[in-house]
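Colleague: Below is the structure I would like to discuss, written out as structure tokens.
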Amino acid sequence: MDIGREIGGANYIETVAGFTGEGVRGESFDTGFNLNHVDFQNNPLIVHGPSCGSDSHGTATVGICFGDGTGNSDARGLLPDGQGIVADYSIIGLTGQSRYDHTGELVEDPYYAVFQTSSVGSDRTTQYSTISADTDSALFDFDIVHCQSQSNAGNQMSRPQAWAKNIISGGALYHHDTLDKSDDEWDYGASIGPASDGRIKPTFCFFYDYILTVGWPGNNDYTSTFSGTSGATPMIAGHVGLFFQMWSEGIFGNDVDPEGTVFENKAHMTTAKAALINTADQYSFEGTDHDKTRMHQGWGMPNVKNLYDSRDNIYIIDESNILEPFDVSSHVVSVEEGTPALKVTMTYADTPGNPAVQSQHRINDLTLKVISPSKAVYWGNYGLEESTWSSLGGSADDKNTVECVFVENPESGGWTIEIHADEIIEDSHTETPEMDADYALVVSPVLSGPNQPLIDGPTEVEIGHEYDFTFITTDPENADVYYYIDWGDGEIEEWTGPYPSGQEITLSHIWLVRGNVTVQAKAKNTYGTESVWSEPYIVTILAPVLEVGMTKSGFLRVTGVIKNIGTAIANNINWNITLNGGLIIIGHETTGIIETIPADGETTFKSNLIIGFGKTEFTVTAQEPYGSYDDRKQGGKMLGILHIVNFGGD
């Protein structure tokens, strides 16, 4: 682990920022564990399940993540101050509790895990099976990162769990026990992609050989020869855990609760996956026959040094943007002149695929499109199966739920990133009743955009009246800012500005709709880089509601009331009494205007003189300028100057 900690950046982020996995809780799902090993005594492992066997394989995998190096500092794991959880595959999954239910427990008390790593699995296959679909279902439902070993067949024969769309699958390369990556090779060791529908697999790679970690059966034993994707996968998972610790401390500009736990502050699983893909170290290759081609190395080797160093120049969307069918979400980021590479990564969680259809496992289809300042177009993943860099042109990827655009020596200026909801067949943003989807987006390195704007103003307003609201944000580069305001009623304030960074601005609005609206704002700086949307600001629009009361009988005239049962004053109410039927000599129609009726108030109306004979119908209407309308019809008789109105209506 001494080489693994160095090459993946764990030593670096511990040295410069103190990240050691403190507060991170993750599970090793394997074949038995040496619970009494000295490396696990400072933070004793938590057993998840009725019991736990003892075995060298599981001991090594959990040691890679959570061994604290008490007996051998060179074997120190990636999360030495984290809390390991262990579950025995021979007791759970093969028999006993289902993997789905077991996963659900991981996000509950007392576990609160942010990841699971598994270097065991069901019988190998090249197909997306019912087991793959069950895995996708669990990860979609419980929003937890799972890392699964691809296997060690040297071909596409892999664990069915690894073919799941929502999982992080672990591939591996021989590293020959050196820090020098130039001699690293696949060489027909680890299982590889693509999936049967053409999706890119594995997700990442790490060491296939010579991994120094906790040993078995002795409580002071270590092994220097742990190997295969069994070793690579927990190494990948350890970097996932370090991401969650960094996220929980808000180093990427993300909002966190300073008193919250890593679990309480966690990002969505898609965001963790996207962030690690975006900042991974790729091995250089050309063509699909190369030893380290895309389907052998995946998106490369996770590197938390790269991730940490990008913290001030990274743009992250953590499933906060929602798309309905055929919607397009647009983001603008600014690239500085001389930037060596621009990396854009989009991921989304997908519902289980149909194992009967091997040509297409994805259900929904979100598409990544990136447009340069000179209007050159890059489509997600186009060219990346043959090279480390994207190719211009091409077409949309309709297979993968992970899409990337990697541009070498990008143009400086504003780049537009579009996410297209090309196909939404099943609801994947279950927090809302609509058929919609969300996604994670990570872009680096970019000039930082303004911070999330803050909105202040009244939370209750009256319809038709003007109200002031204030907006404020700051830009890390102290650049001037523009504001884009969505008032929630279809009206948009489009990029008003520029204003100095940190200056509170006041904008006014009049609502002509009723009920609750959501006001949101985003900002962009003079480089064109946008902020995330503000928190939703809910405004309740108070409005009058008119109700016409009963018309009453009378001599020469009829009378009645108009009520305002709403929450705001009604002004300029037009009312009308019309008689229809019988012999009407005078008084066929009366109109009038009531200047005001307070909320929960009422006003009496009186008709003009009416003289007539016979049966008639009295119709009273009332309407105010902002759309409240009511009417009432009642039958009656005209007896010359006495007019009788039926209380029953007709």
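Ordered as shown in the structure tokens, chains take letters A, B, and onward, while each chain numbers its residues from 1 and ligands are numbered from 1 in the order shown.
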Just want the 7 Å neighbourhood of Cys52 (chain A), counted on only C-alpha atoms, with same-chain residues fewer than 2 positions away dropped. Output as a VMD selection string.

Modeller: chain A and resid 32 47 54 87 to 88

Colleague: Could you pull the residues within 8 Å of region 302-311 of chain A, counting only C-alpha atoms, minus those fewer than 4 positions along the same chain, as a VMD selection string?

Modeller: chain A and resid 7 to 10 12 to 13 204 to 205 236 239 242 to 243 246 251 to 253 275 to 277 279 to 281 444 to 445

Colleague: Expressed in Å to a single decimal, how great is the separation between CA of Gln358 (chain A) and CA of Thr130 (chain A)?

Modeller: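 Between these atoms lies a distance of 11.6 Å.
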
Colleague: Report, in Å to a single decimal, how far apart CA of Ile597 (chain A) and CA of Val513 (chain A) are.

Modeller: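 CA of Ile597 (chain A) lies 19.5 Å from CA of Val513 (chain A).
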
Colleague: Near Asp631 (chain A), within 7 Å and counting only C-alpha atoms, which residues show up once chain neighbours fewer than 4 positions away are dropped, as a list in words?

Modeller: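 Skipping anything fewer than 4 positions along the chain leaves Val548, Val620, Thr621 and Ala622 of chain A.
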
Colleague: With N, CA and C atoms retained, export the selected residues as a PDB file, in the first residue's frame.

Modeller:
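Final output, result22.pdb:
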```pdb
ATOM      1  N   VAL A 548     -70.343  35.699  -4.808  1.00  0.00           N
ATOM      2  CA  VAL A 548     -71.635  36.399  -4.873  1.00  0.00           C
ATOM      3  C   VAL A 548     -72.605  35.725  -3.920  1.00  0.00           C
ATOM      4  N   VAL A 620     -76.452  37.586 -11.068  1.00  0.00           N
ATOM      5  CA  VAL A 620     -75.499  38.548 -10.516  1.00  0.00           C
ATOM      6  C   VAL A 620     -74.084  38.051 -10.825  1.00  0.00           C
ATOM      7  N   THR A 621     -73.233  38.926 -11.361  1.00  0.00           N
ATOM      8  CA  THR A 621     -71.832  38.582 -11.621  1.00  0.00           C
ATOM      9  C   THR A 621     -70.933  39.598 -10.923  1.00  0.00           C
ATOM     10  N   ALA A 622     -69.739  39.153 -10.578  1.00  0.00           N
ATOM     11  CA  ALA A 622     -68.730  40.039  -9.976  1.00  0.00           C
ATOM     12  C   ALA A 622     -67.355  39.602 -10.468  1.00  0.00           C
TER      13      ALA A 622
END
```

Colleague: List every residue of region 275-486 of chain A that DSSP, applied to the backbone of this structure, assigns to helix (DSSP H, G or I), and report them as number ranges by chain.

Modeller: A: 275-278, 294-297, 304-309

Colleague: Please provide as an NGL selection string all residues within 7 Å of Gly215 (chain A), with the sequence filter that same-chain residues fewer than 3 positions apart are discarded (counting only C-alpha atoms).

Modeller: :A and (56 or 59-60 or 221-223)

Colleague: Just checking: using only C-alpha atoms, which residue out of A:Gly298, A:Gly18, A:Gly218, A:Gly582 ends up closest to Ala190 (chain A)?

Modeller: A:Gly298

Colleague: Take CA of Asp486 (chain A) and CA of His420 (chain A) and report the distance between them in Å, one decimal.

Modeller: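 Computing it gives 20.7 Å between the two atoms.
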
Colleague: Using only C-alpha atoms, which of A:Asp398, A:Asp422, A:Asp438, A:Glu493 sits nearest Gly198 (chain A)?

Modeller: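 Once distances to Gly198 (chain A) are computed over only C-alpha atoms, the minimum belongs to A:Asp398.
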
Colleague: Near Ile541 (chain A), within 9 Å and counting only C-alpha atoms, which residues show up once chain neighbours fewer than 2 positions away are dropped, as a PDB file with C-alpha atoms, in the first residue's frame?

Modeller:
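What follows is the written file selection29.pdb:
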```pdb
ATOM      1  CA  THR A 459     -42.378  35.730   1.477  1.00  0.00           C
ATOM      2  CA  GLU A 460     -45.969  36.954   1.045  1.00  0.00           C
ATOM      3  CA  VAL A 461     -47.067  39.479  -1.582  1.00  0.00           C
ATOM      4  CA  GLU A 462     -50.375  40.706  -2.941  1.00  0.00           C
ATOM      5  CA  ILE A 463     -51.265  40.049  -6.523  1.00  0.00           C
ATOM      6  CA  TRP A 511     -47.027  38.878  -9.961  1.00  0.00           C
ATOM      7  CA  LEU A 512     -50.316  38.400 -11.789  1.00  0.00           C
ATOM      8  CA  VAL A 513     -50.658  34.719 -10.904  1.00  0.00           C
ATOM      9  CA  ARG A 514     -52.034  33.096  -7.773  1.00  0.00           C
ATOM     10  CA  GLY A 515     -50.633  30.597  -5.269  1.00  0.00           C
ATOM     11  CA  ASN A 516     -46.990  29.803  -4.556  1.00  0.00           C
ATOM     12  CA  VAL A 517     -44.110  30.554  -6.907  1.00  0.00           C
ATOM     13  CA  VAL A 539     -43.201  33.390  -2.397  1.00  0.00           C
ATOM     14  CA  ALA A 543     -55.158  37.275  -3.958  1.00  0.00           C
ATOM     15  CA  THR A 567     -56.325  36.747   1.380  1.00  0.00           C
ATOM     16  CA  ALA A 568     -55.855  40.137  -0.271  1.00  0.00           C
TER      17      ALA A 568
END
```

Colleague: Tell me, which residues of region 363-602 of chain A carry DSSP strand (DSSP E or B), written as an mmCIF file with C-alpha atoms, in the first residue's frame?

Modeller:
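Result file follows (out-v3.cif):
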```
data_model
loop_
_atom_site.group_PDB
_atom_site.id
_atom_site.type_symbol
_atom_site.label_atom_id
_atom_site.label_comp_id
_atom_site.auth_asym_id
_atom_site.auth_seq_id
_atom_site.Cartn_x
_atom_site.Cartn_y
_atom_site.Cartn_z
ATOM 1 C CA ASP A 365 -30.717 8.614 -22.350
ATOM 2 C CA LEU A 366 -29.031 11.850 -21.324
ATOM 3 C CA THR A 367 -26.485 13.227 -23.793
ATOM 4 C CA LEU A 368 -23.413 15.405 -23.272
ATOM 5 C CA LYS A 369 -22.587 18.057 -25.865
ATOM 6 C CA VAL A 370 -19.706 20.519 -25.450
ATOM 7 C CA ILE A 371 -19.313 23.641 -27.628
ATOM 8 C CA VAL A 377 -18.794 20.672 -31.217
ATOM 9 C CA TYR A 378 -17.685 17.689 -29.140
ATOM 10 C CA TRP A 379 -20.086 14.869 -28.289
ATOM 11 C CA SER A 387 -7.598 7.792 -27.569
ATOM 12 C CA GLY A 393 -17.777 16.114 -34.568
ATOM 13 C CA VAL A 402 -21.093 8.012 -18.234
ATOM 14 C CA GLU A 403 -20.083 10.515 -20.910
ATOM 15 C CA CYS A 404 -16.860 12.503 -21.110
ATOM 16 C CA VAL A 405 -15.279 15.144 -23.303
ATOM 17 C CA PHE A 406 -11.520 15.575 -22.867
ATOM 18 C CA VAL A 407 -9.944 18.370 -24.933
ATOM 19 C CA GLU A 408 -6.199 18.889 -25.115
ATOM 20 C CA GLY A 413 -12.918 31.723 -23.331
ATOM 21 C CA GLY A 414 -16.450 30.569 -22.644
ATOM 22 C CA TRP A 415 -17.319 26.913 -23.281
ATOM 23 C CA THR A 416 -20.962 25.826 -23.368
ATOM 24 C CA ILE A 417 -21.877 22.465 -21.891
ATOM 25 C CA GLU A 418 -25.300 21.075 -22.770
ATOM 26 C CA ILE A 419 -27.086 18.103 -21.255
ATOM 27 C CA HIS A 420 -29.878 16.863 -23.532
ATOM 28 C CA ALA A 421 -32.742 14.739 -22.209
ATOM 29 C CA ASP A 422 -33.047 12.751 -25.431
ATOM 30 C CA GLU A 423 -35.082 9.961 -23.910
ATOM 31 C CA ALA A 437 -34.243 12.947 -14.587
ATOM 32 C CA ASP A 438 -31.168 14.497 -12.998
ATOM 33 C CA TYR A 439 -27.429 14.175 -13.486
ATOM 34 C CA ALA A 440 -23.996 14.895 -12.048
ATOM 35 C CA LEU A 441 -21.602 17.129 -13.963
ATOM 36 C CA VAL A 442 -17.929 17.814 -13.218
ATOM 37 C CA VAL A 443 -15.780 20.189 -15.290
ATOM 38 C CA SER A 444 -12.121 21.027 -14.656
ATOM 39 C CA LEU A 447 -12.055 29.681 -13.846
ATOM 40 C CA LEU A 454 -28.589 34.680 -2.014
ATOM 41 C CA ILE A 455 -32.135 36.038 -2.318
ATOM 42 C CA ASP A 456 -33.994 38.119 0.256
ATOM 43 C CA GLU A 460 -45.969 36.954 1.045
ATOM 44 C CA VAL A 461 -47.067 39.479 -1.582
ATOM 45 C CA GLU A 462 -50.375 40.706 -2.941
ATOM 46 C CA GLU A 466 -44.828 45.642 -6.963
ATOM 47 C CA TYR A 467 -42.295 44.297 -4.448
ATOM 48 C CA ASP A 468 -38.538 44.639 -4.066
ATOM 49 C CA PHE A 469 -36.135 41.706 -3.735
ATOM 50 C CA THR A 470 -32.395 41.764 -3.143
ATOM 51 C CA PHE A 471 -29.780 39.524 -4.743
ATOM 52 C CA ILE A 472 -26.119 39.173 -3.864
ATOM 53 C CA VAL A 481 -21.319 39.692 -12.150
ATOM 54 C CA TYR A 482 -24.620 39.415 -13.999
ATOM 55 C CA TYR A 483 -27.844 37.943 -12.627
ATOM 56 C CA TYR A 484 -30.401 35.685 -14.287
ATOM 57 C CA ILE A 485 -33.683 35.719 -12.339
ATOM 58 C CA ASP A 486 -36.535 33.258 -12.771
ATOM 59 C CA ILE A 492 -37.359 36.032 -16.683
ATOM 60 C CA GLU A 493 -34.877 38.766 -15.860
ATOM 61 C CA GLU A 494 -32.146 37.747 -18.283
ATOM 62 C CA TRP A 495 -28.567 38.583 -17.307
ATOM 63 C CA THR A 496 -29.022 41.998 -15.806
ATOM 64 C CA GLY A 497 -25.751 43.720 -14.965
ATOM 65 C CA PRO A 498 -22.847 43.985 -14.683
ATOM 66 C CA TYR A 499 -22.605 44.688 -10.974
ATOM 67 C CA ILE A 505 -28.736 44.669 -5.902
ATOM 68 C CA THR A 506 -32.475 45.319 -5.764
ATOM 69 C CA LEU A 507 -34.932 44.203 -8.438
ATOM 70 C CA SER A 508 -38.706 44.589 -8.432
ATOM 71 C CA HIS A 509 -41.473 42.343 -9.700
ATOM 72 C CA ILE A 510 -45.265 42.242 -9.978
ATOM 73 C CA GLY A 515 -50.633 30.597 -5.269
ATOM 74 C CA ASN A 516 -46.990 29.803 -4.556
ATOM 75 C CA VAL A 517 -44.110 30.554 -6.907
ATOM 76 C CA THR A 518 -40.439 29.666 -6.671
ATOM 77 C CA VAL A 519 -37.939 32.434 -7.314
ATOM 78 C CA GLN A 520 -34.418 31.352 -8.267
ATOM 79 C CA ALA A 521 -31.326 33.150 -9.440
ATOM 80 C CA LYS A 522 -27.956 32.289 -10.895
ATOM 81 C CA ALA A 523 -25.012 34.525 -11.628
ATOM 82 C CA LYS A 524 -22.220 34.620 -14.157
ATOM 83 C CA ASN A 525 -19.007 36.603 -14.199
ATOM 84 C CA GLU A 530 -21.956 30.589 -14.270
ATOM 85 C CA TYR A 537 -37.111 31.100 -2.564
ATOM 86 C CA ILE A 538 -40.826 30.442 -2.079
ATOM 87 C CA VAL A 539 -43.201 33.390 -2.397
ATOM 88 C CA THR A 540 -46.896 33.098 -1.600
ATOM 89 C CA ILE A 541 -49.079 35.367 -3.716
ATOM 90 C CA LEU A 542 -52.107 36.598 -1.804
ATOM 91 C CA LEU A 546 -64.973 36.882 -4.909
ATOM 92 C CA GLU A 547 -68.165 35.154 -3.907
ATOM 93 C CA VAL A 548 -71.635 36.399 -4.873
ATOM 94 C CA LYS A 552 -82.886 39.188 -1.689
ATOM 95 C CA GLY A 554 -87.609 43.826 -2.258
ATOM 96 C CA PHE A 555 -89.879 46.666 -3.366
ATOM 97 C CA THR A 559 -80.277 43.614 -2.958
ATOM 98 C CA GLY A 560 -77.470 41.255 -2.127
ATOM 99 C CA VAL A 561 -73.825 40.967 -1.049
ATOM 100 C CA ILE A 562 -70.495 40.348 -2.727
ATOM 101 C CA LYS A 563 -67.931 38.761 -0.437
ATOM 102 C CA ASN A 564 -64.137 38.617 -0.647
ATOM 103 C CA ALA A 570 -60.118 43.299 -3.898
ATOM 104 C CA ASN A 571 -60.181 46.569 -5.827
ATOM 105 C CA ASN A 572 -62.332 47.880 -8.678
ATOM 106 C CA ILE A 573 -64.874 45.087 -8.616
ATOM 107 C CA ASN A 574 -67.239 45.226 -11.590
ATOM 108 C CA TRP A 575 -70.672 43.856 -10.694
ATOM 109 C CA ASN A 576 -73.799 43.316 -12.761
ATOM 110 C CA ILE A 577 -77.452 42.313 -12.219
ATOM 111 C CA THR A 578 -79.359 41.090 -15.238
ATOM 112 C CA LEU A 579 -83.017 40.015 -15.440
ATOM 113 C CA ASN A 580 -83.999 37.501 -18.066
ATOM 114 C CA LEU A 583 -92.262 41.602 -19.000
ATOM 115 C CA ILE A 584 -89.530 43.986 -17.881
ATOM 116 C CA ILE A 585 -90.629 47.616 -18.138
ATOM 117 C CA ILE A 586 -87.546 49.155 -16.543
ATOM 118 C CA GLU A 589 -79.750 45.493 -16.159
ATOM 119 C CA THR A 590 -77.785 47.236 -13.421
ATOM 120 C CA THR A 591 -74.011 47.658 -13.383
ATOM 121 C CA GLY A 592 -71.675 49.173 -10.873
ATOM 122 C CA ILE A 593 -68.129 49.338 -9.519
ATOM 123 C CA ILE A 594 -67.170 48.652 -5.925
ATOM 124 C CA GLU A 595 -63.920 50.430 -5.107
ATOM 125 C CA THR A 596 -62.634 47.964 -2.525
ATOM 126 C CA ILE A 597 -63.571 44.946 -0.438
ATOM 127 C CA GLY A 601 -65.050 41.449 3.982
ATOM 128 C CA GLU A 602 -68.274 41.986 2.087
#
```
